[in-house]
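*Asks:* Okay, handing you the structure first.
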Amino acid sequence: MLKKNGLLKELVTNRILFLMLLPALIFFLINSYVPMVGVYYAFTRFDFNTSLFNSQFVGLDNFKFLWQSGVLARLTLNTIGYNIVFILLGNVLAIALAILLSELRLQWFKKLTQSIMFLPYFVSFVILSVIVYNIFNYESGFLNSTLKSFGMESVDVYNTPWVWIFLIIIFYLWKNIGYSMVIYLASITGISEEYYEAAKIDGANIFQRIWYITVPMLKTTFVMLLLFALGSIMKGQFDLFYQLIGNNGVLYNTTDILDTYVYRSLKVTFDIGMSTAAGLYQSLFGFVLIMTVNYIIKKINDEYALF
Amino acid sequence: MTKKAVKTVTMFLSIIMFISVLAACGSNNNGNSGNTATNAPKETEGTTNEGTEKPGIDTSKKVELQFYMLGDAPKDIASIQEQVNKMALEDLNATVKFNYTSWTDWDQKYKLLLGSGQQVDLIFTAEWTQYQSYAKKGAFQPLDKILPVAAPTLNAYVPADMWEAVKIDGQIFTVPATYKEYVTNGFVWREDLREKYNLPKPVDVATFEQYLDGIKKNEPTMTPLSMNSDVKTNLMDVYKSIAHTPIGALPYGIEVDYKTPSDVTSYWGSDVQKEDLVTMKRWQDNGYMVKNVLAVKDTLQDQVTSGRAAALLGDNPTRFNDMVIKIQATHPDWKLGYHPFPLTNGIATPVHPIHNGFAIPASSKNAERALAFYEKMVTDKRYNLLTQYGVEGKNYEIKDGYYSMLGDSNSNGFSREGMNGWAWRNPEFMLFDKNYDGVKAIFDELDKIQTPDKFTGFAEDYTAYQAERAALEQVEKQYLFPLNAGLVKNVDDGLATFMEKANQAGLEKIQAEYTKQWLAYVEAQGIK
Amino acid sequence: MKIKDDSYMKWFRLIAFVVILGATVLCLFPFLLIISASFTQNDAIIKDGYHLIPTVFSFEGYATVFRFPKQVLTAYGVTTMTTIIGTTLGLFFMTMAGYVLQRKDFKYRNFFAFMIYFTTLFGGGLVPWYILITKYLKLTDKLEVLILPGLMTPFLIILMKNFIRSAVPDEVIESAKIDGANDFTIYSRIVLQLSMPGIATVGLFLALHYWNDWFTSSLFINDTTKYQLQYYLYNVINAMSFVAQMGSGTGVSLGDMPTESTKMAMSVIVTGPILFLYPFVQRYFVKGLTIGAVKG
């Protein structure tokens with residue numbers, strides 16, 4: 001009773017705010033919430049001739065293929081491991097570059113380099129994989145041609161799994177750094193010049209100014225990016241892994257993630273149930289993780305929490 | 001603080017539940033009504049409307065048919081569609097929309113088209129789009145009853161044995177193409193280089209290997225064998241089809257010899273496989289294939305036509321002919337040689353009727369009209385020529401009985417079979433390019449030793465082991481592909497690891513179930 | 001003190017300069033390879049690989065892309081239109097939502113923020129969404145389908161919320177309220193102006209998202225005149241790898257598949273224009289833009 005009154009009262013007093021939020025609410029309701037009904041596919045056997053809710057209920061059968069091959073633990077670890085590195089290195093590098101860029105005074109240089117760092121974002125992974133092959137292939141790759149001309153032994157990168165851990169991380173950073181850098185750059189722009197002036201007067205040098213003003217001011221942005229990234233920590237960068245590794249089974253132990261596994265496993269099988277099941281597994285994991293992290297953040301400082 | 005959070009989450013979750021229940025009810029109703037709607041007219045129309053008008057179907061209501069084909073539409077599709085619709089509106093009170101999936105992600109889209117229940121009235125089927133499995137799972141409507149009513153001409157036109165051959169569980173689900181062709185493999189090599197270095201003509205694995213070796217020794221900058229990362233279909237399946245005499249490219253490492261269809265063995269883990277893998281390793285070690293073959297994404301043909309590689313393990317006559325044409329234009333001094341496998345192993349199977357067809361998905365509400373329209377596409381010369389070759393005088397002309405494209409592929413918006421109309425080819429109306437004579441010559445040769453396809457008619461039902469099947473897919477790529485590419489140093493150990501992982505994924509269960517189904521099929525069809 | 005700071009500053013700027021220059025070169029290199037390859041003869045690419053300077057110079061890649069110029073130009077048109085409409089609409093809705101969600105006096109902000117965020121964690125998967133759009137909303141082959149599903153993302157809304165919160169102090173809103181302005185007026189007169197760097201960033205991302213979108217075309221567009229430019233590119237780049245997987249047994253003839261040089265030419269053509277957008281956005285990344293506001 002009380003709650004209802006509260007809601008009604010709130011609706012009336014803040015009607016304009018509600019109206020302003022309405023388009024977003026409708027959008028997510030239709031585009032995201034309605035299709036959520038489909039998670040039920042994960043528990044049924046797909047049937048072309050009846051509707052979803054009349055299909056046969058099969059319990060957890062559709063999840064079976066995930067652990068059937070005995071690689072689920074490895075896949076989960078790989079997926080999370082890569083994502084953690086991506087998140088940490090990606091943000092640290094983006095922050096560093098954004099700070100460096102923001103301190104540069106040469107306007108044309110600043111603008112030009114910013115634009116160029118954005119370029120890799122547009123390079124399709126398909127093309128990237130071709131370029132990577134061109135550099136690293138055994139017989140005629142750029143790397144081996146160079147090594148040979150110095151009289152050194154050729155290296156067989158495509159059959160050396162551990163190298164790919166680094167290559168994948170490097171290419172991820174290469175492609176995405178421009179994007180996240182812009183976010184930090186925008187945040188730095190938002191910091192009031194007054195703080196810096198005041199710090200200067202107090203005798204803080206450039207490093208101190210960055211450390212005690214800029215970095216703390218970026219915390220909100222960082223926490224937000226972190227929370228979003230953590231929510232999808234079980235969802236891998238499919239294109240990156242799929243295009244760079246593809247059919248090369250030699251590298252799977254170090255480079256296979258859930259998304260590529262599911263894609264390969266179901267490419268020849270028609271099964272909505274199994275693909276939904278895999279998605280659900282990834283979602284649940286992310287959900288639990290994010291609720292925990294958000295709870296902890298909220299305990300420490302309410303300001304930074306997402307909700 | 002925490003209380004508030006808990007409250008927020010519970011409130012939120014209950015709202016979700018509420019919405020899902022609402023949506024569930026909604027979709028439930030829709031599903032049901034949709035079902036009755038699709039079933040009802042089929043029964044009533046079949047019985048009540050007999051004898052009215054010409055095709056015996058009710059054409060009083062105008063419908064738009066959704067036609068789906070794989071690949072890319074030709075540039076002129078809009079004007080072709082317009083002309084087809086003019087005729088179809090008059091003949092059947094229907095219009096058609098020609099939709100193309102494009103090759104990119106076609107398999108994914110094909111699944112969605114059939115699985116989503118959206119309106120699709122006609123869709124391409126083939127053994128490589130898994131016609132048999134889809135039909136078995138009920139993705140298509142059975143055509144037996146409506147064929148004589150909606151498409152009597154088509155029904156009579158397709159020979160009875162072809163109708164019989166496409167049947168799955170005793171029912172027809174697709175309209176097969178009647179044009180006879182071969183997609184059997186054959187060695188492709190650089191004849192000019194073979195002559196130059198006096199190498200043997202490849203006719204079997206041994207001579208092919210000698211050719212590869214000769215190229216390796218004499219042309220150090222060339223890769224003898226063109227290969228890419230799909231070592232299963234492009235390397236092993238092809239290799240097996242010339243080194244042995246399998247009945248078809250069976251999955252899950254199951255082996256059935258062409259001559260003894262009811263003898264099922266496991267190829268995986270056998271000595272035969274070990275021997276084959278040793279050969280692959282030798283090819284790899286001798287540098288016949290590039291070392292990083294599992295990362296190569298170029299097509300096999302491009303590697304040869306650009307001059308980087310000197311041979312294909314296998315390709316079909318039509319594609320071989322395409323390469324010859326291309327090389328004539330770019331490198332007239334090169335020559336290509338071809339040796340069809342059937343001449344060596346005696347298995348010359350023309351394509352199975354399932355290879356090209358069109359089916360009516362379960363979601364279609366216009367099954368009769370769709371079939372009547374498809375009949376027009378196949379048997380009505382006006383429709384057929386228009387949708388296969390475009391407009392005469394604009395896109396093509398007939399010279400000495402041959403098809404001749406006007407302009408070139410850069411200016412012409414509709415090339416020969418521009419709509420990928422493999423399935424509605426009608427041998428009576430077909431026009432061929434002069435270049436195609438080479439293929440016909442090979443086909444004629446194969447016709448002389450023709451043998452039946454004993455494998456393609458089989459419809460696997462993997463419902464019982466689909467989890468294992470998906471898991472095995474992974475194991476195969478991870479442990480067998482490197483072996484196939486000859487990259488594993490110790491073949492014995494590699495094979496043992498693969499077998500161990502495969503068994504862990506449930507190989508035995510899959511093989512047992514598949515064998516059971518296969519034997520039942522062989523028994524029922526009387527295949528010997 | 002002053003002198004020390006200056007010398008620090010000098011060193012710092014030098015390091016910054018070198019690091020940024022290095023990063024730029026790394027980002028530029030592969031792109032130069034692509035541009036060079038787009039001007040190389042196709043057979044030469046397959047045979048000799050990629051080089052910074054074309055081994056056999058040729059325009060054939062571009063010639064192939066533009067052999068039916070109408071298609072590419074139409075695709076350009078579709079993408080430009082969806083990008084402009086989608087970005088404008090999306091920005092409008094998302095700035096409003098972001099503004100509302102950061103208002104501390106809005107009681108249910110946490111609930112709604114969670115509701116929006118939740119959609120990134122959970123989803124019904126591709127198939128139900130596909131069914132919703134094709135079967136219930138019937139948007140196949142409609143231009144709306146290229147705009148609507150991408151209108152908002154949880155990430156950009158929350159990002160917007162954060163930008164607004166840091167750019168617009170609560171006191172500004174409070175004082176405007178006391179002056180009798182309603183919530184929408186506060187949003188349109190004050191908030192929008194104060195959070196320009198944030199809006200520029202979110203707008204850039206949204207525009208990029210529309211410009212780079214091929215997936216919606218791939219799923220819902222059959223009519224070639226409504227293809228987005230990126231889907232055009234995606235097809236050119238990918239078709240070959242899909243056809244390459246088709247064994248000879250499929251009987252699919254390879255015909256006129258796009259070649260390496262065509263792919264490269266196409267990626268140059270697709271990427272080019274969006275680069276002009278970025279300098280436009282950069283104008284808003286100038287420090288000190290918000291000084292006046294904070295004082296007010």
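Scheme for the structure tokens: letters A, B, ... for chains in order shown; per-chain residue numbers from 1; ligand numbers from 1 in order shown.
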Residues of chain A were defined as contacting chain C if any atom lay at most 6 Å from it, counting only C-alpha atoms; please report them as an mmCIF file with all heavy atoms, in the first residue's frame.
*Replies:*
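result_26.cif written:
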```
data_model
loop_
_atom_site.group_PDB
_atom_site.id
_atom_site.type_symbol
_atom_site.label_atom_id
_atom_site.label_comp_id
_atom_site.auth_asym_id
_atom_site.auth_seq_id
_atom_site.Cartn_x
_atom_site.Cartn_y
_atom_site.Cartn_z
ATOM 1 N N LEU A 17 10.311 13.839 -15.717
ATOM 2 C CA LEU A 17 11.465 12.938 -15.714
ATOM 3 C C LEU A 17 11.072 11.557 -16.223
ATOM 4 O O LEU A 17 11.780 10.940 -17.015
ATOM 5 C CB LEU A 17 12.063 12.831 -14.312
ATOM 6 C CG LEU A 17 12.756 14.086 -13.799
ATOM 7 C CD1 LEU A 17 13.333 13.836 -12.411
ATOM 8 C CD2 LEU A 17 13.871 14.515 -14.748
ATOM 9 N N MET A 20 10.701 11.603 -19.883
ATOM 10 C CA MET A 20 11.986 11.670 -20.574
ATOM 11 C C MET A 20 12.682 10.312 -20.599
ATOM 12 O O MET A 20 13.453 10.014 -21.507
ATOM 13 C CB MET A 20 12.897 12.708 -19.897
ATOM 14 C CG MET A 20 12.449 14.125 -20.137
ATOM 15 S SD MET A 20 13.353 15.308 -19.123
ATOM 16 C CE MET A 20 14.886 15.401 -20.004
ATOM 17 N N LEU A 21 12.399 9.512 -19.604
ATOM 18 C CA LEU A 21 13.032 8.196 -19.534
ATOM 19 C C LEU A 21 12.268 7.167 -20.371
ATOM 20 O O LEU A 21 12.807 6.124 -20.746
ATOM 21 C CB LEU A 21 13.089 7.749 -18.066
ATOM 22 C CG LEU A 21 13.943 6.539 -17.732
ATOM 23 C CD1 LEU A 21 15.395 6.782 -18.102
ATOM 24 C CD2 LEU A 21 13.847 6.223 -16.248
ATOM 25 N N PRO A 35 12.353 -10.619 -25.941
ATOM 26 C CA PRO A 35 13.047 -11.823 -26.420
ATOM 27 C C PRO A 35 13.601 -12.717 -25.308
ATOM 28 O O PRO A 35 13.978 -13.849 -25.566
ATOM 29 C CB PRO A 35 14.203 -11.266 -27.259
ATOM 30 C CG PRO A 35 13.799 -9.897 -27.615
ATOM 31 C CD PRO A 35 12.988 -9.399 -26.472
ATOM 32 N N MET A 36 13.635 -12.201 -24.079
ATOM 33 C CA MET A 36 14.162 -13.034 -22.983
ATOM 34 C C MET A 36 13.340 -14.293 -22.764
ATOM 35 O O MET A 36 13.825 -15.263 -22.182
ATOM 36 C CB MET A 36 14.236 -12.234 -21.691
ATOM 37 C CG MET A 36 15.499 -11.415 -21.588
ATOM 38 S SD MET A 36 15.600 -10.588 -20.013
ATOM 39 C CE MET A 36 16.727 -9.269 -20.413
ATOM 40 N N GLY A 38 12.844 -16.302 -24.757
ATOM 41 C CA GLY A 38 13.540 -17.330 -25.494
ATOM 42 C C GLY A 38 14.517 -18.159 -24.678
ATOM 43 O O GLY A 38 14.954 -19.202 -25.150
ATOM 44 N N VAL A 39 14.863 -17.744 -23.458
ATOM 45 C CA VAL A 39 15.796 -18.580 -22.681
ATOM 46 C C VAL A 39 15.175 -19.956 -22.433
ATOM 47 O O VAL A 39 15.881 -20.917 -22.176
ATOM 48 C CB VAL A 39 16.211 -17.970 -21.319
ATOM 49 C CG1 VAL A 39 17.033 -16.728 -21.527
ATOM 50 C CG2 VAL A 39 15.023 -17.701 -20.448
ATOM 51 N N LEU A 100 48.801 11.347 -21.562
ATOM 52 C CA LEU A 100 49.906 11.870 -22.362
ATOM 53 C C LEU A 100 49.387 12.798 -23.456
ATOM 54 O O LEU A 100 49.906 13.891 -23.666
ATOM 55 C CB LEU A 100 50.693 10.710 -22.994
ATOM 56 C CG LEU A 100 51.492 9.837 -22.040
ATOM 57 C CD1 LEU A 100 52.274 8.789 -22.809
ATOM 58 C CD2 LEU A 100 52.451 10.685 -21.211
ATOM 59 N N THR A 113 47.566 12.429 -34.453
ATOM 60 C CA THR A 113 47.869 11.137 -33.841
ATOM 61 C C THR A 113 46.607 10.501 -33.259
ATOM 62 O O THR A 113 46.420 9.299 -33.350
ATOM 63 C CB THR A 113 48.915 11.286 -32.727
ATOM 64 O OG1 THR A 113 48.522 12.367 -31.888
ATOM 65 C CG2 THR A 113 50.280 11.540 -33.291
ATOM 66 N N MET A 117 45.331 6.807 -34.248
ATOM 67 C CA MET A 117 45.152 5.721 -33.278
ATOM 68 C C MET A 117 43.754 5.121 -33.343
ATOM 69 O O MET A 117 43.511 4.049 -32.831
ATOM 70 C CB MET A 117 45.448 6.233 -31.874
ATOM 71 C CG MET A 117 46.930 6.165 -31.566
ATOM 72 S SD MET A 117 47.217 6.458 -29.847
ATOM 73 C CE MET A 117 48.005 8.027 -29.921
ATOM 74 N N ALA A 186 37.713 12.334 -23.069
ATOM 75 C CA ALA A 186 36.531 13.160 -22.822
ATOM 76 C C ALA A 186 36.401 13.447 -21.326
ATOM 77 O O ALA A 186 36.045 14.553 -20.920
ATOM 78 C CB ALA A 186 35.289 12.474 -23.347
ATOM 79 N N THR A 189 38.889 16.034 -20.279
ATOM 80 C CA THR A 189 38.424 17.341 -20.716
ATOM 81 C C THR A 189 37.446 17.931 -19.705
ATOM 82 O O THR A 189 37.393 19.132 -19.505
ATOM 83 C CB THR A 189 37.728 17.219 -22.085
ATOM 84 O OG1 THR A 189 38.530 16.405 -22.917
ATOM 85 C CG2 THR A 189 37.538 18.565 -22.712
ATOM 86 N N SER A 192 37.928 20.275 -14.231
ATOM 87 C CA SER A 192 38.064 21.725 -14.189
ATOM 88 C C SER A 192 39.530 22.153 -14.126
ATOM 89 O O SER A 192 40.336 21.594 -13.370
ATOM 90 C CB SER A 192 37.325 22.267 -12.979
ATOM 91 O OG SER A 192 37.754 23.578 -12.736
ATOM 92 N N GLU A 193 39.880 23.152 -14.901
ATOM 93 C CA GLU A 193 41.249 23.682 -14.938
ATOM 94 C C GLU A 193 41.639 24.269 -13.580
ATOM 95 O O GLU A 193 42.811 24.346 -13.226
ATOM 96 C CB GLU A 193 41.339 24.747 -16.031
ATOM 97 C CG GLU A 193 42.745 25.053 -16.523
ATOM 98 C CD GLU A 193 43.388 23.884 -17.254
ATOM 99 O OE1 GLU A 193 42.665 23.173 -18.008
ATOM 100 O OE2 GLU A 193 44.588 23.660 -17.074
ATOM 101 N N ASN A 205 54.314 19.401 -9.012
ATOM 102 C CA ASN A 205 54.853 19.288 -10.366
ATOM 103 C C ASN A 205 53.902 18.466 -11.238
ATOM 104 O O ASN A 205 52.888 17.957 -10.770
ATOM 105 C CB ASN A 205 56.274 18.701 -10.354
ATOM 106 C CG ASN A 205 56.276 17.252 -9.894
ATOM 107 O OD1 ASN A 205 55.353 16.501 -10.173
ATOM 108 N ND2 ASN A 205 57.334 16.888 -9.180
ATOM 109 N N GLY A 231 30.615 -7.605 -16.494
ATOM 110 C CA GLY A 231 29.314 -8.225 -16.784
ATOM 111 C C GLY A 231 29.387 -9.166 -17.964
ATOM 112 O O GLY A 231 28.659 -10.144 -18.035
ATOM 113 N N THR A 276 21.246 -21.552 -27.136
ATOM 114 C CA THR A 276 20.665 -20.769 -26.048
ATOM 115 C C THR A 276 21.245 -21.212 -24.710
ATOM 116 O O THR A 276 21.537 -20.385 -23.838
ATOM 117 C CB THR A 276 19.143 -20.925 -26.015
ATOM 118 O OG1 THR A 276 18.634 -20.785 -27.333
ATOM 119 C CG2 THR A 276 18.514 -19.875 -25.124
ATOM 120 N N SER A 283 25.702 -16.005 -19.404
ATOM 121 C CA SER A 283 24.979 -14.923 -18.737
ATOM 122 C C SER A 283 24.948 -15.112 -17.235
ATOM 123 O O SER A 283 25.209 -14.179 -16.477
ATOM 124 C CB SER A 283 23.547 -14.872 -19.237
ATOM 125 O OG SER A 283 23.518 -14.529 -20.580
ATOM 126 N N PHE A 287 26.274 -12.612 -14.422
ATOM 127 C CA PHE A 287 25.294 -12.046 -13.509
ATOM 128 C C PHE A 287 25.761 -12.165 -12.053
ATOM 129 O O PHE A 287 25.789 -11.186 -11.308
ATOM 130 C CB PHE A 287 23.950 -12.766 -13.699
ATOM 131 C CG PHE A 287 22.857 -12.244 -12.828
ATOM 132 C CD1 PHE A 287 22.295 -10.998 -13.060
ATOM 133 C CD2 PHE A 287 22.377 -13.000 -11.775
ATOM 134 C CE1 PHE A 287 21.285 -10.516 -12.256
ATOM 135 C CE2 PHE A 287 21.363 -12.524 -10.965
ATOM 136 C CZ PHE A 287 20.823 -11.282 -11.212
ATOM 137 N N PHE A 307 24.252 0.561 -9.773
ATOM 138 C CA PHE A 307 22.825 0.619 -9.458
ATOM 139 C C PHE A 307 22.630 0.383 -7.978
ATOM 140 O O PHE A 307 23.517 -0.090 -7.292
ATOM 141 C CB PHE A 307 22.051 -0.433 -10.255
ATOM 142 C CG PHE A 307 22.775 -1.719 -10.448
ATOM 143 C CD1 PHE A 307 22.836 -2.676 -9.449
ATOM 144 C CD2 PHE A 307 23.457 -1.961 -11.633
ATOM 145 C CE1 PHE A 307 23.530 -3.855 -9.623
ATOM 146 C CE2 PHE A 307 24.149 -3.147 -11.810
ATOM 147 C CZ PHE A 307 24.198 -4.090 -10.807
#
```
*Asks:* Counting only C-alpha atoms, a student should be able to say which residues of chain A come within 7 Å of chain B; what is the right answer, written as a PDB file with N, CA and C atoms, in the first residue's frame?
*Replies:*
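Done, and the output landed in out27.pdb:
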```pdb
ATOM      1  N   VAL A  34      11.401  -8.613 -24.054  1.00  0.00           N
ATOM      2  CA  VAL A  34      10.490  -9.564 -24.693  1.00  0.00           C
ATOM      3  C   VAL A  34      11.226 -10.801 -25.211  1.00  0.00           C
ATOM      4  N   VAL A  37      12.088 -14.251 -23.211  1.00  0.00           N
ATOM      5  CA  VAL A  37      11.261 -15.453 -23.149  1.00  0.00           C
ATOM      6  C   VAL A  37      12.018 -16.632 -23.747  1.00  0.00           C
ATOM      7  N   PHE A  48      10.086 -28.021 -35.259  1.00  0.00           N
ATOM      8  CA  PHE A  48       9.657 -27.101 -36.317  1.00  0.00           C
ATOM      9  C   PHE A  48       8.147 -26.924 -36.343  1.00  0.00           C
ATOM     10  N   ASN A  49       7.430 -27.876 -35.780  1.00  0.00           N
ATOM     11  CA  ASN A  49       5.985 -27.838 -35.984  1.00  0.00           C
ATOM     12  C   ASN A  49       5.155 -27.442 -34.778  1.00  0.00           C
ATOM     13  N   THR A  50       5.778 -27.139 -33.661  1.00  0.00           N
ATOM     14  CA  THR A  50       4.981 -26.588 -32.573  1.00  0.00           C
ATOM     15  C   THR A  50       5.682 -25.343 -32.052  1.00  0.00           C
ATOM     16  N   SER A  51       4.955 -24.610 -31.197  1.00  0.00           N
ATOM     17  CA  SER A  51       5.542 -23.386 -30.686  1.00  0.00           C
ATOM     18  C   SER A  51       6.477 -23.727 -29.528  1.00  0.00           C
ATOM     19  N   PHE A  53       6.484 -23.112 -26.386  1.00  0.00           N
ATOM     20  CA  PHE A  53       6.011 -23.617 -25.099  1.00  0.00           C
ATOM     21  C   PHE A  53       5.291 -24.961 -25.193  1.00  0.00           C
ATOM     22  N   LYS A  64      24.471 -30.297 -22.029  1.00  0.00           N
ATOM     23  CA  LYS A  64      25.393 -31.407 -21.934  1.00  0.00           C
ATOM     24  C   LYS A  64      26.624 -31.252 -22.827  1.00  0.00           C
ATOM     25  N   PHE A  65      26.420 -30.708 -24.017  1.00  0.00           N
ATOM     26  CA  PHE A  65      27.542 -30.652 -24.959  1.00  0.00           C
ATOM     27  C   PHE A  65      28.676 -29.779 -24.442  1.00  0.00           C
ATOM     28  N   GLN A  68      30.612 -32.249 -22.301  1.00  0.00           N
ATOM     29  CA  GLN A  68      30.815 -33.552 -22.918  1.00  0.00           C
ATOM     30  C   GLN A  68      32.265 -33.771 -23.372  1.00  0.00           C
ATOM     31  N   SER A  69      32.875 -32.742 -23.923  1.00  0.00           N
ATOM     32  CA  SER A  69      34.221 -32.929 -24.439  1.00  0.00           C
ATOM     33  C   SER A  69      35.284 -32.701 -23.363  1.00  0.00           C
ATOM     34  N   ASN A 137      53.764 -16.300 -41.427  1.00  0.00           N
ATOM     35  CA  ASN A 137      53.773 -17.657 -41.980  1.00  0.00           C
ATOM     36  C   ASN A 137      55.198 -18.146 -42.194  1.00  0.00           C
ATOM     37  N   TYR A 138      55.329 -19.447 -42.137  1.00  0.00           N
ATOM     38  CA  TYR A 138      56.655 -20.058 -42.030  1.00  0.00           C
ATOM     39  C   TYR A 138      57.521 -19.836 -43.268  1.00  0.00           C
ATOM     40  N   TYR A 158      52.937 -20.335 -36.160  1.00  0.00           N
ATOM     41  CA  TYR A 158      51.597 -20.924 -36.211  1.00  0.00           C
ATOM     42  C   TYR A 158      51.501 -22.294 -35.543  1.00  0.00           C
ATOM     43  N   ASN A 247      40.770 -22.646 -37.943  1.00  0.00           N
ATOM     44  CA  ASN A 247      40.793 -24.104 -37.894  1.00  0.00           C
ATOM     45  C   ASN A 247      42.070 -24.665 -37.293  1.00  0.00           C
ATOM     46  N   ASN A 248      42.937 -23.800 -36.824  1.00  0.00           N
ATOM     47  CA  ASN A 248      44.253 -24.267 -36.397  1.00  0.00           C
ATOM     48  C   ASN A 248      44.196 -24.917 -35.007  1.00  0.00           C
ATOM     49  N   GLY A 249      43.792 -26.184 -34.992  1.00  0.00           N
ATOM     50  CA  GLY A 249      43.616 -26.905 -33.739  1.00  0.00           C
ATOM     51  C   GLY A 249      44.849 -26.965 -32.854  1.00  0.00           C
ATOM     52  N   VAL A 250      46.010 -26.816 -33.462  1.00  0.00           N
ATOM     53  CA  VAL A 250      47.251 -26.859 -32.694  1.00  0.00           C
ATOM     54  C   VAL A 250      47.238 -25.815 -31.575  1.00  0.00           C
ATOM     55  N   TYR A 252      44.531 -24.527 -30.020  1.00  0.00           N
ATOM     56  CA  TYR A 252      43.302 -24.429 -29.225  1.00  0.00           C
ATOM     57  C   TYR A 252      43.529 -24.417 -27.713  1.00  0.00           C
ATOM     58  N   TYR A 261      34.232 -22.103 -29.325  1.00  0.00           N
ATOM     59  CA  TYR A 261      33.862 -23.507 -29.146  1.00  0.00           C
ATOM     60  C   TYR A 261      32.411 -23.737 -29.526  1.00  0.00           C
ATOM     61  N   ARG A 264      31.823 -23.419 -33.326  1.00  0.00           N
ATOM     62  CA  ARG A 264      32.296 -24.583 -34.081  1.00  0.00           C
ATOM     63  C   ARG A 264      31.414 -25.794 -33.851  1.00  0.00           C
ATOM     64  N   SER A 265      31.062 -26.000 -32.566  1.00  0.00           N
ATOM     65  CA  SER A 265      30.292 -27.192 -32.231  1.00  0.00           C
ATOM     66  C   SER A 265      28.933 -27.194 -32.907  1.00  0.00           C
ATOM     67  N   LEU A 266      28.344 -26.019 -33.043  1.00  0.00           N
ATOM     68  CA  LEU A 266      26.981 -25.987 -33.538  1.00  0.00           C
ATOM     69  C   LEU A 266      26.864 -25.590 -34.999  1.00  0.00           C
ATOM     70  N   PHE A 270      21.802 -28.193 -36.298  1.00  0.00           N
ATOM     71  CA  PHE A 270      20.770 -27.197 -36.127  1.00  0.00           C
ATOM     72  C   PHE A 270      20.252 -27.339 -34.722  1.00  0.00           C
TER      73      PHE A 270
END
```
*Asks:* With a cut-off of 8 Å and counting only C-alpha atoms, select all residues of chain C in contact with chain B and give the selection as number ranges by chain.
*Replies:* C: 43-44, 46-47, 64, 67-68, 110-111, 115, 127-128, 130-131, 134-135, 219, 222-223, 234-235, 238-245, 247-251, 253-255
*Asks:* Can you list, as an MDAnalysis selection string, all residues belonging to region 112-260 of chain C that DSSP tags as helix (DSSP H, G or I)?
*Replies:* chainID C and resid 112:121 126:136 144:150 154:167 170:178 183:194 196:212 215:220 224:226 229:244 248:250 260
*Asks:* For CA of Leu206 (chain C) and CA of Thr74 (chain C), determine how far apart the two atoms are, in Å to one decimal place.
*Replies:*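 Taking CA of Leu206 (chain C) and CA of Thr74 (chain C), their separation equals 21.5 Å.
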